[in-house]
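Containing compact mmCIF, C-alpha atoms: upload.txt.
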# COMPACT_ATOMS: atom_id res chain seq x y z
CA MET A 1152 69.09 32.74 -14.09
CA GLN A 1153 69.59 34.77 -17.27
CA LEU A 1154 69.04 31.65 -19.41
CA ARG A 1155 65.73 30.97 -17.68
CA ARG A 1156 64.46 34.33 -18.91
CA GLN A 1157 66.16 34.31 -22.31
CA LEU A 1158 65.39 30.77 -23.49
CA PRO A 1159 61.57 31.18 -23.78
CA LEU A 1160 62.11 34.50 -25.60
CA ILE A 1161 64.51 32.81 -28.04
CA VAL A 1162 61.94 30.02 -28.61
CA VAL A 1163 59.27 32.66 -29.37
CA PHE A 1164 61.56 34.48 -31.83
CA VAL A 1165 62.74 31.36 -33.64
CA THR A 1166 59.24 29.82 -33.92
CA ALA A 1167 57.64 33.07 -35.14
CA VAL A 1168 60.41 33.79 -37.65
CA LEU A 1169 60.21 30.23 -39.02
CA VAL A 1170 56.44 30.46 -39.51
CA MET A 1171 56.75 33.84 -41.27
CA LEU A 1172 59.75 32.73 -43.34
CA PHE A 1173 57.90 29.74 -44.78
CA LYS A 1174 54.79 31.85 -45.35
CA PHE A 1175 56.42 34.82 -47.07
CA VAL A 1176 59.28 33.11 -48.96
CA ASN A 1177 58.32 30.67 -51.70
CA PHE A 1178 60.06 27.37 -50.95
CA GLY A 1179 57.67 25.41 -53.16
CA GLU A 1180 56.37 22.08 -51.92
CA THR A 1181 59.00 21.90 -49.17
CA GLY A 1182 57.73 25.15 -47.67
CA LYS A 1183 54.14 23.93 -47.74
CA ASN A 1184 55.14 20.66 -46.07
CA VAL A 1185 57.11 22.46 -43.37
CA LEU A 1186 54.16 24.78 -42.66
CA SER A 1187 51.69 21.90 -42.40
CA GLN A 1188 54.17 20.03 -40.19
CA MET A 1189 54.53 23.08 -37.93
CA ASP A 1190 50.74 23.34 -37.77
CA LYS A 1191 50.60 19.72 -36.65
CA TRP A 1192 53.37 20.28 -34.11
CA SER A 1193 51.39 23.16 -32.63
CA GLN A 1194 48.31 20.93 -32.39
CA VAL A 1195 50.29 18.07 -30.85
CA THR A 1196 51.82 20.29 -28.14
CA SER A 1197 48.33 21.50 -27.21
CA ILE A 1198 46.89 17.99 -27.22
CA VAL A 1199 49.68 16.66 -25.01
CA ALA A 1200 48.96 19.47 -22.54
CA PHE A 1201 45.31 18.33 -22.22
CA LEU A 1202 45.78 17.19 -18.62
CA LEU A 1203 46.80 20.67 -17.46
CA GLY A 1204 43.24 21.87 -16.78
CA PRO A 1205 41.98 18.71 -15.07
CA ILE A 1206 45.12 18.55 -12.87
CA ASN A 1207 44.60 22.18 -11.82
CA LEU A 1208 40.93 21.53 -11.10
CA ILE A 1209 41.68 18.43 -9.05
CA ARG A 1210 44.44 20.24 -7.10
CA LEU A 1211 42.08 23.12 -6.31
CA HIS A 1212 39.16 20.98 -5.19
CA LEU A 1213 41.37 18.50 -3.35
CA GLY A 1214 42.76 21.46 -1.39
CA ASN A 1215 39.22 22.63 -0.60
CA VAL A 1216 38.27 19.19 0.69
CA THR A 1217 41.40 18.50 2.77
CA LYS A 1218 41.36 21.97 4.34
CA ARG A 1219 37.57 21.85 4.88
CA ARG A 1220 37.10 25.21 3.19
CA PRO A 1221 33.55 26.64 2.85
CA ARG A 1222 31.42 24.52 0.49
CA TRP A 1223 34.00 21.72 0.49
CA VAL A 1224 31.17 19.24 0.01
CA HIS A 1225 30.60 20.65 -3.47
CA SER A 1226 34.31 20.30 -4.20
CA ALA A 1227 34.07 16.66 -3.11
CA LEU A 1228 31.12 16.24 -5.48
CA THR A 1229 33.16 17.66 -8.36
CA LEU A 1230 36.00 15.25 -7.63
CA VAL A 1231 33.72 12.22 -7.36
CA VAL A 1232 31.80 13.14 -10.54
CA THR A 1233 35.04 13.78 -12.45
CA VAL A 1234 36.62 10.47 -11.45
CA VAL A 1235 33.51 8.29 -11.74
CA PHE A 1236 32.37 9.70 -15.09
CA THR A 1237 35.86 9.66 -16.57
CA ILE A 1238 35.83 5.90 -15.93
CA VAL A 1239 32.25 5.55 -17.25
CA PHE A 1240 33.01 7.56 -20.41
CA ALA A 1241 36.30 5.72 -20.96
CA LEU A 1242 34.55 2.35 -20.71
CA ASN A 1243 31.61 3.43 -22.88
CA GLY A 1244 33.61 5.47 -25.37
CA SER A 1245 33.51 9.24 -25.71
CA ASN A 1246 30.76 8.94 -28.32
CA GLY A 1247 29.04 5.90 -26.79
CA GLU A 1248 25.30 5.73 -26.19
CA VAL A 1249 25.48 6.15 -22.41
CA THR A 1250 28.03 8.95 -22.69
CA LEU A 1251 25.93 10.90 -25.17
CA TRP A 1252 22.76 10.37 -23.09
CA ILE A 1253 24.48 11.81 -20.00
CA ILE A 1254 26.07 14.70 -21.89
CA ASN A 1255 22.94 15.63 -23.87
CA ASN A 1256 20.44 15.29 -21.05
CA ILE A 1257 22.45 16.50 -18.08
CA ALA A 1258 25.57 18.52 -18.96
CA ILE A 1259 24.14 20.36 -21.98
CA GLN A 1260 20.83 21.05 -20.20
CA ILE A 1261 22.62 22.53 -17.17
CA SER A 1262 24.97 24.63 -19.29
CA GLY A 1263 22.06 25.79 -21.47
CA ALA A 1264 19.97 26.67 -18.41
CA ILE A 1265 22.81 28.62 -16.80
CA TYR A 1266 23.44 30.43 -20.07
CA ALA A 1267 19.71 31.12 -20.49
CA MET A 1268 19.65 32.68 -17.01
CA LEU A 1269 21.50 35.59 -18.57
CA GLY A 1270 18.27 36.19 -20.50
CA PHE A 1271 16.55 37.03 -17.21
CA TYR A 1272 19.42 39.19 -15.95
CA ILE A 1273 19.90 40.99 -19.26
CA CYS A 1274 16.34 42.35 -18.96
CA SER A 1275 16.98 43.87 -15.52
CA ALA A 1276 20.35 45.19 -16.74
CA ALA A 1277 18.60 46.76 -19.73
CA TYR A 1278 16.15 48.55 -17.45
CA ARG A 1279 19.01 50.07 -15.46
CA SER A 1280 21.34 50.94 -18.32
CA PHE A 1281 18.83 51.97 -20.99
CA LYS A 1282 17.33 54.93 -19.16
CA LEU A 1283 17.20 57.99 -21.40
CA ARG A 1284 20.14 59.68 -19.70
CA ASN A 1285 21.82 61.23 -22.74
CA LEU A 1286 21.80 61.08 -26.52
CA GLU A 1287 24.19 58.11 -26.72
CA ALA A 1288 21.99 56.02 -24.40
CA THR A 1289 18.93 57.03 -26.43
CA VAL A 1290 20.57 55.91 -29.69
CA LEU A 1291 21.56 52.60 -28.04
CA LEU A 1292 18.03 52.10 -26.71
CA LEU A 1293 16.34 52.90 -30.03
CA SER A 1294 18.65 50.61 -31.97
CA ALA A 1295 18.09 47.73 -29.50
CA VAL A 1296 14.30 48.20 -29.43
CA ILE A 1297 14.07 48.27 -33.24
CA LEU A 1298 16.19 45.11 -33.46
CA MET A 1299 14.12 43.28 -30.85
CA LEU A 1300 10.84 44.26 -32.48
CA ALA A 1301 12.23 43.35 -35.90
CA GLN A 1302 13.09 39.84 -34.73
CA ALA A 1303 9.82 39.21 -32.83
CA PRO A 1304 6.66 38.21 -34.76
CA ILE A 1305 4.65 40.86 -32.90
CA GLY A 1306 6.99 43.64 -34.15
CA GLU A 1307 5.65 43.56 -37.68
CA GLU A 1308 2.09 43.76 -36.30
CA ILE A 1309 2.85 46.87 -34.25
CA ILE A 1310 5.00 48.70 -36.82
CA PRO A 1311 4.66 47.32 -40.37
CA GLY A 1312 8.01 47.17 -42.18
CA ILE A 1313 10.10 47.18 -39.00
CA SER A 1314 11.81 43.93 -39.96
CA LYS A 1315 13.37 45.77 -42.94
CA TRP A 1316 14.67 48.48 -40.60
CA GLY A 1317 16.17 45.77 -38.45
CA GLU A 1318 17.82 44.16 -41.46
CA TRP A 1319 19.26 47.52 -42.54
CA ILE A 1320 20.62 48.27 -39.06
CA LEU A 1321 22.28 44.84 -38.96
CA SER A 1322 23.75 45.05 -42.46
CA VAL A 1323 24.98 48.67 -42.41
CA PRO A 1324 25.66 50.40 -39.04
CA ASN A 1325 26.11 47.18 -37.04
CA SER A 1326 28.29 45.44 -39.60
CA ALA A 1327 30.36 48.61 -40.23
CA GLY A 1328 30.80 49.36 -36.51
CA MET A 1329 31.87 45.80 -35.80
CA ARG A 1330 34.27 45.92 -38.77
CA GLY A 1331 35.82 49.10 -37.33
CA ILE A 1332 36.29 47.36 -33.99
CA ARG A 1333 37.72 44.23 -35.65
CA LEU A 1334 40.19 46.23 -37.73
CA GLY A 1335 41.25 48.20 -34.65
CA ALA A 1336 41.71 44.96 -32.72
CA ALA A 1337 43.69 43.45 -35.62
CA ILE A 1338 46.06 46.44 -35.69
CA GLY A 1339 46.48 46.03 -31.92
CA ALA A 1340 47.12 42.29 -32.34
CA PHE A 1341 49.78 42.94 -35.02
CA ALA A 1342 51.51 45.47 -32.77
CA ALA A 1343 51.34 43.06 -29.82
CA SER A 1344 52.72 40.23 -31.99
CA ILE A 1345 55.67 42.32 -33.11
CA ARG A 1346 56.40 43.34 -29.50
CA VAL A 1347 56.27 39.70 -28.38
CA ILE A 1348 58.52 38.49 -31.21
CA LEU A 1349 61.09 41.20 -30.56
CA GLY A 1350 61.06 40.39 -26.84
CA LEU A 1351 59.76 43.84 -25.87
CA GLU A 1352 56.73 42.27 -24.22
CA ARG A 1353 58.09 39.85 -21.63
CA SER A 1354 55.68 40.06 -18.72
CA TRP A 1355 54.72 36.43 -19.45
CA VAL A 1356 58.26 35.25 -18.59
CA GLY A 1357 58.07 37.06 -15.28
CA GLY A 1358 60.02 40.10 -16.47
CA SER A 1359 59.07 43.73 -16.79
CA THR A 1360 57.74 45.05 -20.08
CA ALA A 1361 60.20 47.19 -22.00
CA GLU A 1362 59.09 50.56 -23.37
CA MET B 286 9.37 4.78 -20.69
CA THR B 287 11.99 5.23 -23.38
CA ALA B 288 15.52 6.55 -22.85
CA GLU B 289 14.41 9.74 -24.60
CA GLN B 290 11.61 10.30 -22.08
CA TRP B 291 13.92 9.62 -19.16
CA GLY B 292 16.32 12.09 -20.74
CA ALA B 293 13.63 14.77 -20.91
CA ILE B 294 12.78 14.23 -17.23
CA ALA B 295 16.46 14.30 -16.19
CA GLY B 296 17.02 17.39 -18.33
CA SER B 297 14.01 19.15 -16.79
CA ILE B 298 15.25 18.43 -13.26
CA CYS B 299 18.69 19.79 -14.21
CA ILE B 300 17.15 22.96 -15.71
CA ILE B 301 15.04 23.57 -12.60
CA MET B 302 18.10 22.98 -10.37
CA ALA B 303 20.11 25.54 -12.38
CA TRP B 304 17.27 28.06 -12.47
CA SER B 305 16.79 27.80 -8.68
CA TYR B 306 19.53 30.46 -8.62
CA LEU B 307 16.96 33.00 -9.85
CA PHE B 308 15.08 32.51 -6.59
CA LYS B 309 18.07 32.25 -4.27
CA GLU B 310 21.66 30.99 -4.16
CA SER B 311 21.21 27.49 -2.84
CA ASP B 312 22.85 24.09 -2.54
CA ILE B 313 20.60 22.84 -5.32
CA TYR B 314 22.18 25.31 -7.74
CA TYR B 315 25.70 24.52 -6.56
CA PHE B 316 24.97 20.82 -6.97
CA ALA B 317 23.99 21.42 -10.60
CA GLU B 318 26.99 23.66 -11.19
CA HIS B 319 29.56 21.21 -9.79
CA LEU B 320 27.88 18.28 -11.52
CA PHE B 321 28.27 20.16 -14.79
CA VAL B 322 31.94 20.94 -14.14
CA GLY B 323 32.72 17.32 -13.27
CA LEU B 324 30.87 15.94 -16.29
CA THR B 325 32.47 18.42 -18.67
CA VAL B 326 35.97 17.64 -17.43
CA ALA B 327 35.32 13.88 -17.66
CA ARG B 328 33.97 14.22 -21.20
CA GLY B 329 36.83 16.56 -22.20
CA LEU B 330 39.42 14.08 -20.94
CA THR B 331 37.99 11.05 -22.69
CA TYR B 332 37.13 12.94 -25.87
CA THR B 333 40.62 14.47 -26.19
CA PHE B 334 42.27 11.12 -25.53
CA GLU B 335 40.10 9.13 -27.96
CA ASN B 336 39.65 11.65 -30.76
CA GLN B 337 42.87 13.65 -30.67
CA LEU B 338 45.69 12.05 -28.72
CA LYS B 339 45.12 8.53 -30.09
CA PRO B 340 44.64 9.26 -33.82
CA LEU B 341 46.86 12.35 -34.16
CA VAL B 342 49.78 11.36 -31.96
CA LEU B 343 49.87 7.72 -30.87
CA LYS B 344 48.61 6.16 -34.16
CA ASP B 345 50.71 8.43 -36.38
CA MET B 346 53.83 7.54 -34.39
CA ALA B 347 53.19 3.80 -34.03
CA GLU B 348 51.49 3.02 -37.37
CA LYS B 349 52.83 5.66 -39.78
CA GLY B 350 56.26 5.83 -38.17
CA GLN B 351 56.18 9.63 -37.77
CA TRP B 352 58.73 9.62 -34.98
CA THR B 353 59.53 13.32 -35.48
CA LEU B 354 56.33 13.90 -33.50
CA VAL B 355 58.37 13.02 -30.41
CA ILE B 356 59.74 16.58 -30.51
CA PRO B 357 56.34 18.36 -30.11
CA VAL B 358 55.29 15.70 -27.61
CA VAL B 359 58.33 16.55 -25.48
CA ILE B 360 57.71 20.29 -25.93
CA GLY B 361 54.09 19.75 -24.86
CA LEU B 362 55.05 17.63 -21.85
CA LEU B 363 57.35 20.40 -20.59
CA ILE B 364 54.24 22.41 -19.64
CA TYR B 365 53.72 20.02 -16.70
CA CYS B 366 56.92 21.39 -15.14
CA TRP B 367 54.65 24.26 -14.04
CA PHE B 368 53.59 22.07 -11.11
CA PHE B 369 57.18 21.87 -9.78
CA LYS B 370 58.33 25.10 -8.19
CA GLY B 371 62.00 24.97 -9.18
CA LEU B 372 61.19 23.97 -12.77
CA ARG B 373 58.49 26.52 -13.62
CA TRP B 374 60.75 28.28 -16.10
CA VAL B 375 60.91 25.10 -18.21
CA ALA B 376 57.11 25.29 -18.74
CA ARG B 377 57.67 28.68 -20.34
CA ILE B 378 59.46 26.97 -23.23
CA THR B 379 56.14 25.36 -24.23
CA MET B 380 54.37 28.68 -23.73
CA GLY B 381 57.09 30.31 -25.83
CA PHE B 382 56.41 27.83 -28.65
CA TRP B 383 52.66 28.55 -28.55
CA ILE B 384 53.13 32.32 -28.31
CA GLY B 385 55.74 32.34 -31.08
CA TYR B 386 53.59 30.17 -33.35
CA GLY B 387 50.54 32.36 -32.60
CA ALA B 388 52.41 35.62 -33.20
CA GLY B 389 54.04 34.34 -36.42
CA TYR B 390 50.72 32.96 -37.64
CA SER B 391 48.93 36.22 -36.81
CA LEU B 392 51.50 38.28 -38.74
CA GLY B 393 51.79 35.85 -41.63
CA PHE B 394 48.25 34.64 -42.20
CA SER B 395 45.83 37.28 -40.84
CA PRO B 396 46.60 40.21 -43.21
CA PRO B 397 44.80 38.67 -46.23
CA VAL B 398 41.65 38.26 -44.10
CA TYR B 399 41.70 41.81 -42.75
CA LEU B 400 42.94 43.44 -45.96
CA LYS B 401 39.97 41.99 -47.82
CA GLN B 402 37.71 43.67 -45.24
CA VAL B 403 39.58 46.96 -45.74
CA PHE B 404 39.20 46.75 -49.56
CA ASP B 405 35.50 45.83 -49.26
CA THR B 406 34.92 48.97 -47.18
CA PHE B 407 35.76 51.21 -50.15
CA THR B 408 32.56 50.96 -52.16
CA PRO B 409 31.67 53.26 -55.11
CA PHE B 410 29.65 56.38 -54.22
CA ILE B 411 27.43 55.91 -57.27
CA LYS B 412 26.05 52.46 -57.92
CA ASP B 413 23.71 51.60 -60.83
CA GLY B 414 23.34 55.33 -61.52
CA ARG B 415 22.10 56.05 -57.99
CA PHE B 416 23.76 57.48 -54.89
CA ASN B 417 24.97 54.54 -52.81
CA PHE B 418 23.81 55.79 -49.37
CA GLY B 419 24.37 52.47 -47.57
CA GLY B 420 27.90 52.07 -49.00
CA VAL B 421 28.92 55.64 -48.12
CA LEU B 422 27.52 55.31 -44.60
CA TYR B 423 29.30 51.97 -44.21
CA PHE B 424 32.60 53.57 -45.21
CA LEU B 425 32.05 56.55 -42.87
CA VAL B 426 31.15 54.33 -39.91
CA VAL B 427 34.25 52.12 -40.34
CA ILE B 428 36.58 55.14 -40.62
CA THR B 429 34.99 57.08 -37.74
CA ALA B 430 34.86 53.98 -35.51
CA LEU B 431 38.61 53.60 -36.07
CA MET B 432 39.02 57.32 -35.27
CA TYR B 433 37.17 56.80 -31.99
CA PHE B 434 39.66 54.09 -31.01
CA LEU B 435 42.68 56.32 -31.70
CA PHE B 436 43.92 57.06 -28.21
CA THR B 437 47.47 58.11 -28.99
CA VAL B 438 46.53 61.49 -30.54
CA LYS B 439 44.59 64.41 -29.09
CA LYS B 440 41.10 64.76 -30.54
CA GLU B 441 40.36 68.31 -29.43
CA SER B 442 39.37 69.84 -32.76
CA GLY B 443 38.92 69.31 -36.46
CA VAL B 444 38.20 66.11 -38.31
CA LEU B 445 39.35 63.83 -35.51
CA LYS B 446 37.06 65.46 -32.93
CA TYR B 447 33.87 65.36 -35.03
CA GLY B 448 34.86 62.11 -36.70
CA SER B 449 35.32 60.31 -33.39
CA MET B 450 32.05 61.84 -32.12
CA PHE B 451 30.20 60.44 -35.15
CA GLY B 452 32.04 57.15 -34.60
CA ARG B 453 30.80 57.05 -31.01
CA TYR B 454 27.16 57.39 -32.09
CA ALA B 455 27.66 54.84 -34.86
CA LEU B 456 29.13 52.43 -32.33
CA MET B 457 26.13 53.03 -30.05
CA VAL B 458 23.83 51.95 -32.89
CA ALA B 459 26.05 48.91 -33.48
CA PHE B 460 26.14 47.97 -29.79
CA GLY B 461 22.40 48.56 -29.41
CA SER B 462 21.59 46.28 -32.31
CA ALA B 463 24.07 43.68 -31.06
CA TYR B 464 22.43 43.90 -27.64
CA GLY B 465 18.96 43.51 -29.18
CA SER B 466 20.05 40.44 -31.14
CA ILE B 467 21.71 38.87 -28.10
CA THR B 468 18.63 39.49 -25.95
CA MET B 469 16.46 37.76 -28.54
CA ALA B 470 18.94 34.86 -28.68
CA TYR B 471 18.80 34.48 -24.89
CA LEU B 472 15.02 34.60 -24.94
CA SER B 473 14.90 31.87 -27.55
CA LEU B 474 17.23 29.83 -25.34
CA VAL B 475 14.85 30.35 -22.40
CA ILE B 476 11.93 29.25 -24.60
CA GLY B 477 13.95 26.19 -25.67
CA LYS B 478 14.51 25.19 -22.04
CA LEU B 479 10.83 25.76 -21.20
CA GLN B 480 9.96 23.48 -24.12
CA VAL B 481 12.11 20.72 -22.62
CA ILE B 482 10.14 21.00 -19.37
CA PHE B 483 6.58 21.61 -20.64
CA LYS B 484 6.68 19.83 -24.00
CA ASP B 485 9.20 16.98 -23.80
CA ALA B 486 8.85 16.03 -20.13
CA LEU B 487 5.34 17.06 -19.03
CA HIS B 488 3.65 16.92 -22.48
CA LEU B 489 1.59 20.01 -21.57
CA VAL B 490 2.43 21.79 -24.83
CA LYS B 491 2.04 20.27 -28.29

Show the structure stored in the file as structure tokens.
Amino acid sequence: MQLRRQLPLIVVFVTAVLVMLFKFVNFGETGKNVLSQMDKWSQVTSIVAFLLGPINLIRLHLGNVTKRRPRWVHSALTLVVTVVFTIVFALNGSNGEVTLWIINNIAIQISGAIYAMLGFYICSAAYRSFKLRNLEATVLLLSAVILMLAQAPIGEEIIPGISKWGEWILSVPNSAGMRGIRLGAAIGAFAASIRVILGLERSWVGGSTAE
Amino acid sequence: MTAEQWGAIAGSICIIMAWSYLFKESDIYYFAEHLFVGLTVARGLTYTFENQLKPLVLKDMAEKGQWTLVIPVVIGLLIYCWFFKGLRWVARITMGFWIGYGAGYSLGFSPPVYLKQVFDTFTPFIKDGRFNFGGVLYFLVVITALMYFLFTVKKESGVLKYGSMFGRYALMVAFGSAYGSITMAYLSLVIGKLQVIFKDALHLVK
């Protein structure tokens, strides 16, 4: 039982220390080769695990169909489409003419349309969230309106020179704010990495997290 | 009709099916959604097999004789133990490898990227004989944004209090402009989809 918890933690420690060792200590060509080999190993493990998602999806939808859960017909459709088109794409090649026609004209159009729907919802969300409730909301609203007008052709007609304001907002406050967030996130990621390597963070192995 | 024209018609039907959700949740929308999921999984499977598994693993082992790749293959295969209740812990070995590699990589390779950003933040106050307003503001926004995200210290008075307050307003400007840009991107996506329907399929727009 103890080994089941300890072994993954040991694997984490050894792998992380090896990567850092070959990065920080100069082993010459050997070190470079080991690092590139480890990079390939990481890729290979991910590639080999490529069936994980499809198996999960099939298990979920198969369960929906066999137990006649609500909207099981749609689950059946997913299963049929997955199986049939896997065969079609395998026979035609993943970059074959038929495959690309189906992907470009059906899958990409549906995904694009669903993604574009957010454009409709974002407008109603803006109306609700951008009310002039306090100073912060006003600043947010002004910044967004300037940016939208700056990027639309009509903006320059209404307020001449607004595109330059938009450029300035993007290159100074926006870029600086995002950099602050990124640096904060990076510090958090470093701290999290150290905790994981030292085995202090072990919720992923089913254990409690140590203080 | 050419394959391209048939494609435009099929694409238009798919867009309308997906957008039917704006009117009401319906079977037409769910049909489009599940069709998309099935197609994406099918494409992902064949693409990964043909373009990654075959050239990177199978060919390298069989043709180049890189039999050491058996080790990562075995490590990768262990993840499938997740589907067997008694063997779930074995799948965590693969996860351990990924997490360890990710953590080691993050600690070993990310600092140069982020340190460059830190150095670039410190710009001279005077540039070409003039006060560098943009550079100073940039520096202040980065520092105060970081102050705002400091949650482990009390910010009741002094520099931290006013610094984090300034940081909050600066972040509001940043989020507002990000929101504005995203909204415009979504609108251009909507226009793109309308073009597929009215220009490519119906030829109503030139």

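Using only C-alpha atoms, the shortest contact distance between B:Val421 and any of B:Ser305, B:Thr287, B:Thr468, B:Thr408 is found at B:Thr408.
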
Please return, as a compact mmCIF listing (two decimals) with C-alpha atoms, in the coordinates of the input, all polymer residues that have at least one atom within 9 Å of the point (38.2, 56.3, -36.5); use all atoms listed in the file and the file's own coordinate frame.
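part_23.txt, written as the output of this step:
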# COMPACT_ATOMS: atom_id res chain seq x y z
CA GLY A 1331 35.82 49.10 -37.33
CA GLY A 1335 41.25 48.20 -34.65
CA LEU B 425 32.05 56.55 -42.87
CA VAL B 426 31.15 54.33 -39.91
CA VAL B 427 34.25 52.12 -40.34
CA ILE B 428 36.58 55.14 -40.62
CA THR B 429 34.99 57.08 -37.74
CA ALA B 430 34.86 53.98 -35.51
CA LEU B 431 38.61 53.60 -36.07
CA MET B 432 39.02 57.32 -35.27
CA TYR B 433 37.17 56.80 -31.99
CA PHE B 434 39.66 54.09 -31.01
CA LEU B 435 42.68 56.32 -31.70
CA LEU B 445 39.35 63.83 -35.51
CA GLY B 448 34.86 62.11 -36.70
CA SER B 449 35.32 60.31 -33.39
CA GLY B 452 32.04 57.15 -34.60

Which residue out of A:Ser1280, A:Ser1275, A:Gln1188, A:Thr1166 has the minimum interatomic distance to chain B when all atoms listed in the file are used?
A:Thr1166

So that I can see what lies close to stretch 1306-1315 of chain A, please list as number ranges by chain the residues with an atom at most 10 Å from it, counting only C-alpha atoms and leaving out residues fewer than 6 positions away in the same chain.
A: 1296-1300, 1321

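Counting all atoms listed in the file and comparing A:Trp1192, A:Trp1319, A:Tyr1278, A:Trp1355, the residue that lies closest to chain B is A:Trp1192.
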
A:Gly1204 surroundings by all atoms listed in the file, 10 Å radius, close-in-sequence under 6 positions cut, as a list of chain:residue names
A:Arg1210, B:Val326, B:Gly329, B:Leu330
